[in-house]
Amino acid sequence: MDWILLTEQTLNGLQFGLMLFLLAAGLTLVFGIMDMINLAHGSLYMVGAYLAATLAVTTGSFVIALLGAAAGTAIFGALLEVSLLRTLYQKDHLTQVLATFALILIINEGTRMIWGPQALMLNIPDALSGPVELFAGLNYPAYRLLIIAVGVAVALGLYLLVTRTRVGMLVRAGASNREMALAMGVNVKRLFTAVFAVGAALSAVAGALLGPLLAVQVGMGESILILAFVVIVIGGIGSIRGALVGSLLVGFVDTVGRTLLPMGLRTVLPPAVASNLGPALASILIYVLMASVLFWRPQGLFPARG
Amino acid sequence: MPGVALPALALLIALPLVIQAIGQPFYTVLASRILIFALAASSLNLLIGFGGMVSFGHAAFFGTGAYTVAILMFHGVDSAWIAWPAAVIVSALAATAIGAISLHTRGVYFIMITLAFAQMIYYVFVSLKMYGGDDGLSLPGRSALGLGLDLKSDMVFYYVVLALVAMTMVLLGRLVNARFGRVLQGIRENESRAAAVGVPVYRYQLVCFAIGGAMAGLAGALAVNQSGLASPNLLYWTQSGMLMIMVILGGVGFLYGGVLGATVLLLLEEVLSDYTIHWQLGEGVVLLAIVLYAPNGLLSIIRRKAPADA
């Protein structure tokens, strides 16, 4: 187990963790501020990926595709919030689950009707398709580095937005005590729509960035949605800092578990057994992590309500 | 609602004859499937509607029951008299273990911790290459029941399923209206008050959770007999979600909420998929309409929620 592989896997874990954060940030704010379980958050991620794939083909520019996908999905999210989700805030969690599950079905099928059942290909921009030599012996894909850079930039921007601006203050006020924020005259309707649109844009960025690495297909949102929920529960519902720490934790455990666990197991088990036990163990590990956090710190690592 | 249950039962008994008369044997298979899911959804309804425990990992017990039957058959044990009770017991034990830990949490955290445990079990079965791993474990045939009944016949299978489901529903109806069920609903309404009058809340909820798991295990045992395949997908979170949707759709806390929800959802899929490949769109729209116009489920339209019903 050499350190080059270790560095590479650490970077992979960081990259996956940051993408999870983009998804989890919106989810945790919507959950924390509006007390709303939004299963359809993964659908926004999917819509973002599809928009990016289409824009990349029509304009030929990855940057335009990325920005366009973010803007388009933000508008889509805002429309969804104003037209439908707004009416669900006052309802109980079970109703929200059923309603947003219905939304998943509708958006999935709508996507299939517009783009067809085949998975779309979103190509890595030519300039970034090669590897970069970080230092002697470690070649790392340039595109993955870009993902990390964008992820760090967005995470930093979001952190500053939430902790340093007036809007951010309102958001934090809403997350830590909704009723009090209401009583103090915060225009919650507009705030909710804005938060929802920003969350949608962030998940679209994640979808567009991950598009070239994973397949752009219907159903891509559901597989990552549960991980995003795991992240926000570990971090503490409503907490941006918690979402960041949770995302990185889950990203590392997943990535490192997938590659290093089989290698470690190979020393004690037959290779065939080790290589198929490893990924499952890594996935189990994530849920063991979540269950332990819930058991010992039910409010998550960084509770937003204090 | 005894006024509806008996005629419904009579109808279900007559159903295969009608189906045979119109020459569409496939509908017997569909009817068995609906009954099995009605049982699974009812077991979840016991937890959510009567116990106040919103479990998002109920597929774990459904799948555990299915795998218990499949694994026993893989090792040559194909008697239903051994395999089915085994499925019920193993699922009940799994539910007891998971419930014992999860019931220390409340609300959203309970939802998430039950999800976590279900996903763990899912990945355990994915990693068991000996029992098919990702691809699942195919069964060579259905369990052997003896008594001159051959489960390979879809109609015999249907009647066996119907008998088991009907019996379980009768027991469930008695359970929720017995002292145990009343205490449970008291806990659901106000946990601290129940604790204050001396109810051992944790123990009651754990027993309820185990019973729900056992029922789901039975449903799983029947489901694997019908489909002939125990796949990890039976335990995936989308399956838990589907059961939850059925319960919410039918009506949380109504004795027959799970039954109605399973029936409506599966029939809706069946009918819509006959008309269009985009049936999921229609299903989504119908579900959305139900949420907006009957937020407490279909049964809430017919009757107002009365805790002392059935």
# chains A, B, ... in the order shown; residues from 1 in each chain; ligands from 1
call {"tool": "residues_around", "arguments": {"residues": "A:Gly211", "least_positions_apart": "6", "cutoff": "8 Å", "atoms": "only C-alpha atoms", "output": "list of chain:residue names"}}
result
A:Ala49, A:Ala53, A:Met121, A:Leu122
call {"tool": "write_last_selection", "arguments": {"atoms": "N, CA and C atoms", "output": "mmCIF file, in the first residue's frame"}}
result
data_model
loop_
_atom_site.group_PDB
_atom_site.id
_atom_site.type_symbol
_atom_site.label_atom_id
_atom_site.label_comp_id
_atom_site.auth_asym_id
_atom_site.auth_seq_id
_atom_site.Cartn_x
_atom_site.Cartn_y
_atom_site.Cartn_z
ATOM 1 N N ALA A 49 -28.000 17.585 -14.622
ATOM 2 C CA ALA A 49 -27.108 16.802 -15.476
ATOM 3 C C ALA A 49 -27.621 16.747 -16.912
ATOM 4 N N ALA A 53 -25.827 18.231 -20.211
ATOM 5 C CA ALA A 53 -25.485 17.378 -21.354
ATOM 6 C C ALA A 53 -26.033 17.977 -22.647
ATOM 7 N N MET A 121 -24.469 10.933 -23.007
ATOM 8 C CA MET A 121 -23.039 11.039 -22.755
ATOM 9 C C MET A 121 -22.701 12.512 -22.579
ATOM 10 N N LEU A 122 -22.033 12.804 -21.497
ATOM 11 C CA LEU A 122 -21.544 14.157 -21.291
ATOM 12 C C LEU A 122 -20.027 14.029 -21.287
#
call {"tool": "interface_residues", "arguments": {"of": "chain A", "to": "chain B", "cutoff": "6 Å", "atoms": "only C-alpha atoms", "output": "ChimeraX atom specification"}}
result
/A:98-99,102,105-106,109,277,280,284,287,291
call {"tool": "write_last_selection", "arguments": {"atoms": "N, CA and C atoms", "output": "mmCIF file, in the first residue's frame"}}
result
data_model
loop_
_atom_site.group_PDB
_atom_site.id
_atom_site.type_symbol
_atom_site.label_atom_id
_atom_site.label_comp_id
_atom_site.auth_asym_id
_atom_site.auth_seq_id
_atom_site.Cartn_x
_atom_site.Cartn_y
_atom_site.Cartn_z
ATOM 1 N N LEU A 98 -44.854 11.363 0.574
ATOM 2 C CA LEU A 98 -45.683 10.859 -0.520
ATOM 3 C C LEU A 98 -45.707 11.853 -1.685
ATOM 4 N N ALA A 99 -45.852 13.141 -1.365
ATOM 5 C CA ALA A 99 -45.946 14.147 -2.427
ATOM 6 C C ALA A 99 -44.643 14.234 -3.220
ATOM 7 N N ALA A 102 -44.154 11.291 -5.411
ATOM 8 C CA ALA A 102 -44.942 11.442 -6.637
ATOM 9 C C ALA A 102 -44.205 12.353 -7.618
ATOM 10 N N LEU A 105 -41.551 10.485 -9.526
ATOM 11 C CA LEU A 105 -42.119 9.715 -10.638
ATOM 12 C C LEU A 105 -42.396 10.625 -11.826
ATOM 13 N N ILE A 106 -42.997 11.787 -11.539
ATOM 14 C CA ILE A 106 -43.380 12.690 -12.622
ATOM 15 C C ILE A 106 -42.141 13.237 -13.336
ATOM 16 N N GLU A 109 -40.305 10.506 -15.350
ATOM 17 C CA GLU A 109 -40.995 10.133 -16.577
ATOM 18 C C GLU A 109 -40.955 11.284 -17.578
ATOM 19 N N LEU A 277 -16.217 -8.417 -1.312
ATOM 20 C CA LEU A 277 -16.670 -8.082 0.037
ATOM 21 C C LEU A 277 -16.377 -6.612 0.328
ATOM 22 N N ALA A 280 -19.045 -3.793 -0.546
ATOM 23 C CA ALA A 280 -20.225 -3.930 0.308
ATOM 24 C C ALA A 280 -19.898 -3.466 1.719
ATOM 25 N N ILE A 284 -21.595 -0.609 3.901
ATOM 26 C CA ILE A 284 -22.124 -0.884 5.239
ATOM 27 C C ILE A 284 -21.531 0.097 6.240
ATOM 28 N N TYR A 287 -23.316 3.327 6.687
ATOM 29 C CA TYR A 287 -24.545 3.269 7.471
ATOM 30 C C TYR A 287 -24.261 2.981 8.936
ATOM 31 N N ALA A 291 -25.652 5.253 11.847
ATOM 32 C CA ALA A 291 -26.387 4.705 12.985
ATOM 33 C C ALA A 291 -25.680 5.055 14.293
#
call {"tool": "select_by_dssp", "arguments": {"residues": "stretch 14-241 of chain B", "states": "strand (DSSP E or B)", "output": "PyMOL selection string"}}
result
chain B and resi 79+137-138+144+229-230
call {"tool": "residues_around", "arguments": {"residues": "A:Phe21", "least_positions_apart": "2", "cutoff": "7 Å", "atoms": "only C-alpha atoms", "output": "list in words"}}
result
Gly17, Leu18, Met19, Leu23, Ala24, Ala25, Ala243, Leu244 and Ser247 of chain A
call {"tool": "closest_residue", "arguments": {"among": "B:Leu267, B:Asp134, B:Met167, B:Gly251", "to": "A:Pro279", "atoms": "only C-alpha atoms"}}
result
B:Asp134
call {"tool": "residues_around", "arguments": {"residues": "stretch 58-73 of chain A", "least_positions_apart": "3", "cutoff": "12 Å", "atoms": "only C-alpha atoms", "output": "JSON, numbers by chain"}}
result
{"A": [22, 41, 42, 43, 44, 45, 46, 47, 48, 49, 50, 51, 52, 53, 54, 55, 76, 77, 78, 79, 80, 81, 122, 123, 124, 125, 126, 127, 128, 143, 146, 147, 150, 196, 197, 198, 199, 200, 201, 202, 203, 204, 205, 206, 207, 208, 209, 210, 211, 212]}
call {"tool": "write_last_selection", "arguments": {"atoms": "C-alpha atoms", "output": "CSV table (one decimal), in the first residue's frame"}}
result
chain,number,residue,atom,x,y,z
A,22,LEU,CA,-23.3,20.4,-3.1
A,41,HIS,CA,-34.0,16.9,-4.4
A,42,GLY,CA,-32.2,14.1,-6.3
A,43,SER,CA,-34.4,14.9,-9.3
A,44,LEU,CA,-33.0,18.4,-9.4
A,45,TYR,CA,-29.6,16.9,-9.6
A,46,MET,CA,-30.7,14.7,-12.5
A,47,VAL,CA,-32.4,17.7,-14.3
A,48,GLY,CA,-29.1,19.6,-13.9
A,49,ALA,CA,-27.1,16.8,-15.5
A,50,TYR,CA,-29.5,16.5,-18.4
A,51,LEU,CA,-29.5,20.3,-19.0
A,52,ALA,CA,-25.7,20.3,-18.9
A,53,ALA,CA,-25.5,17.4,-21.4
A,54,THR,CA,-27.9,19.1,-23.8
A,55,LEU,CA,-26.2,22.5,-23.5
A,76,PHE,CA,-37.1,25.0,-12.4
A,77,GLY,CA,-36.7,24.6,-8.6
A,78,ALA,CA,-38.1,28.0,-7.9
A,79,LEU,CA,-41.2,27.3,-10.1
A,80,LEU,CA,-41.6,24.0,-8.3
A,81,GLU,CA,-41.4,25.7,-4.9
A,122,LEU,CA,-21.5,14.2,-21.3
A,123,ASN,CA,-17.9,14.4,-22.4
A,124,ILE,CA,-15.1,15.8,-20.4
A,125,PRO,CA,-13.9,19.0,-22.0
A,126,ASP,CA,-10.9,18.4,-24.3
A,127,ALA,CA,-8.6,20.7,-22.4
A,128,LEU,CA,-9.1,18.7,-19.2
A,143,TYR,CA,-11.0,16.9,-14.8
A,146,LEU,CA,-11.4,20.8,-11.7
A,147,ILE,CA,-14.2,19.2,-9.8
A,150,VAL,CA,-15.1,24.1,-8.2
A,196,PHE,CA,-34.8,26.4,-2.7
A,197,ALA,CA,-33.5,27.9,-5.9
A,198,VAL,CA,-30.0,28.1,-4.6
A,199,GLY,CA,-30.2,24.5,-3.4
A,200,ALA,CA,-31.5,23.5,-6.8
A,201,ALA,CA,-28.6,25.3,-8.6
A,202,LEU,CA,-26.1,23.6,-6.3
A,203,SER,CA,-27.4,20.2,-7.0
A,204,ALA,CA,-27.4,21.0,-10.7
A,205,VAL,CA,-23.7,21.9,-10.5
A,206,ALA,CA,-23.1,18.6,-8.9
A,207,GLY,CA,-25.1,16.8,-11.6
A,208,ALA,CA,-23.3,18.6,-14.4
A,209,LEU,CA,-19.8,18.0,-12.9
A,210,LEU,CA,-20.4,14.3,-12.1
A,211,GLY,CA,-22.2,13.8,-15.5
A,212,PRO,CA,-19.0,12.9,-17.4
call {"tool": "closest_residue", "arguments": {"among": "A:Thr165, A:Gln90, A:Thr10, A:Thr28", "to": "A:Leu225", "atoms": "only C-alpha atoms"}}
result
A:Thr28
call {"tool": "residues_around", "arguments": {"residues": "stretch 259-267 of chain A", "least_positions_apart": "5", "cutoff": "12 Å", "atoms": "only C-alpha atoms", "output": "ChimeraX atom specification"}}
result
/A:1-3,5-10,12-13,252-254,272-285
call {"tool": "write_last_selection", "arguments": {"atoms": "C-alpha atoms", "output": "PDB file, in the first residue's frame"}}
result
ATOM      1  CA  MET A   1       0.000   0.000   0.000  1.00  0.00           C
ATOM      2  CA  ASP A   2       2.089   2.887  -1.245  1.00  0.00           C
ATOM      3  CA  TRP A   3       1.529   6.545  -0.548  1.00  0.00           C
ATOM      4  CA  LEU A   5      -2.238   5.322  -4.174  1.00  0.00           C
ATOM      5  CA  LEU A   6      -3.139   6.750  -0.809  1.00  0.00           C
ATOM      6  CA  THR A   7      -2.898  10.331  -2.111  1.00  0.00           C
ATOM      7  CA  GLU A   8      -4.886   9.435  -5.184  1.00  0.00           C
ATOM      8  CA  GLN A   9      -7.653   7.852  -3.134  1.00  0.00           C
ATOM      9  CA  THR A  10      -7.667  10.759  -0.715  1.00  0.00           C
ATOM     10  CA  ASN A  12     -10.971  10.889  -4.991  1.00  0.00           C
ATOM     11  CA  GLY A  13     -12.604  10.890  -1.592  1.00  0.00           C
ATOM     12  CA  PHE A 252     -13.759   9.418   2.281  1.00  0.00           C
ATOM     13  CA  VAL A 253     -15.300   6.364   3.889  1.00  0.00           C
ATOM     14  CA  ASP A 254     -16.945   5.398   0.611  1.00  0.00           C
ATOM     15  CA  ALA A 272     -11.975 -13.150  -5.073  1.00  0.00           C
ATOM     16  CA  VAL A 273     -13.771 -12.962  -1.743  1.00  0.00           C
ATOM     17  CA  ALA A 274     -11.930  -9.808  -0.739  1.00  0.00           C
ATOM     18  CA  SER A 275     -12.680  -7.902  -3.926  1.00  0.00           C
ATOM     19  CA  ASN A 276     -16.415  -8.412  -3.718  1.00  0.00           C
ATOM     20  CA  LEU A 277     -16.670  -8.082   0.037  1.00  0.00           C
ATOM     21  CA  GLY A 278     -14.813  -4.751   0.062  1.00  0.00           C
ATOM     22  CA  PRO A 279     -17.327  -2.495  -1.698  1.00  0.00           C
ATOM     23  CA  ALA A 280     -20.225  -3.930   0.308  1.00  0.00           C
ATOM     24  CA  LEU A 281     -18.301  -3.433   3.534  1.00  0.00           C
ATOM     25  CA  ALA A 282     -17.543   0.154   2.544  1.00  0.00           C
ATOM     26  CA  SER A 283     -21.234   0.809   1.971  1.00  0.00           C
ATOM     27  CA  ILE A 284     -22.124  -0.884   5.239  1.00  0.00           C
ATOM     28  CA  LEU A 285     -19.525   1.257   6.980  1.00  0.00           C
TER      29      LEU A 285
END
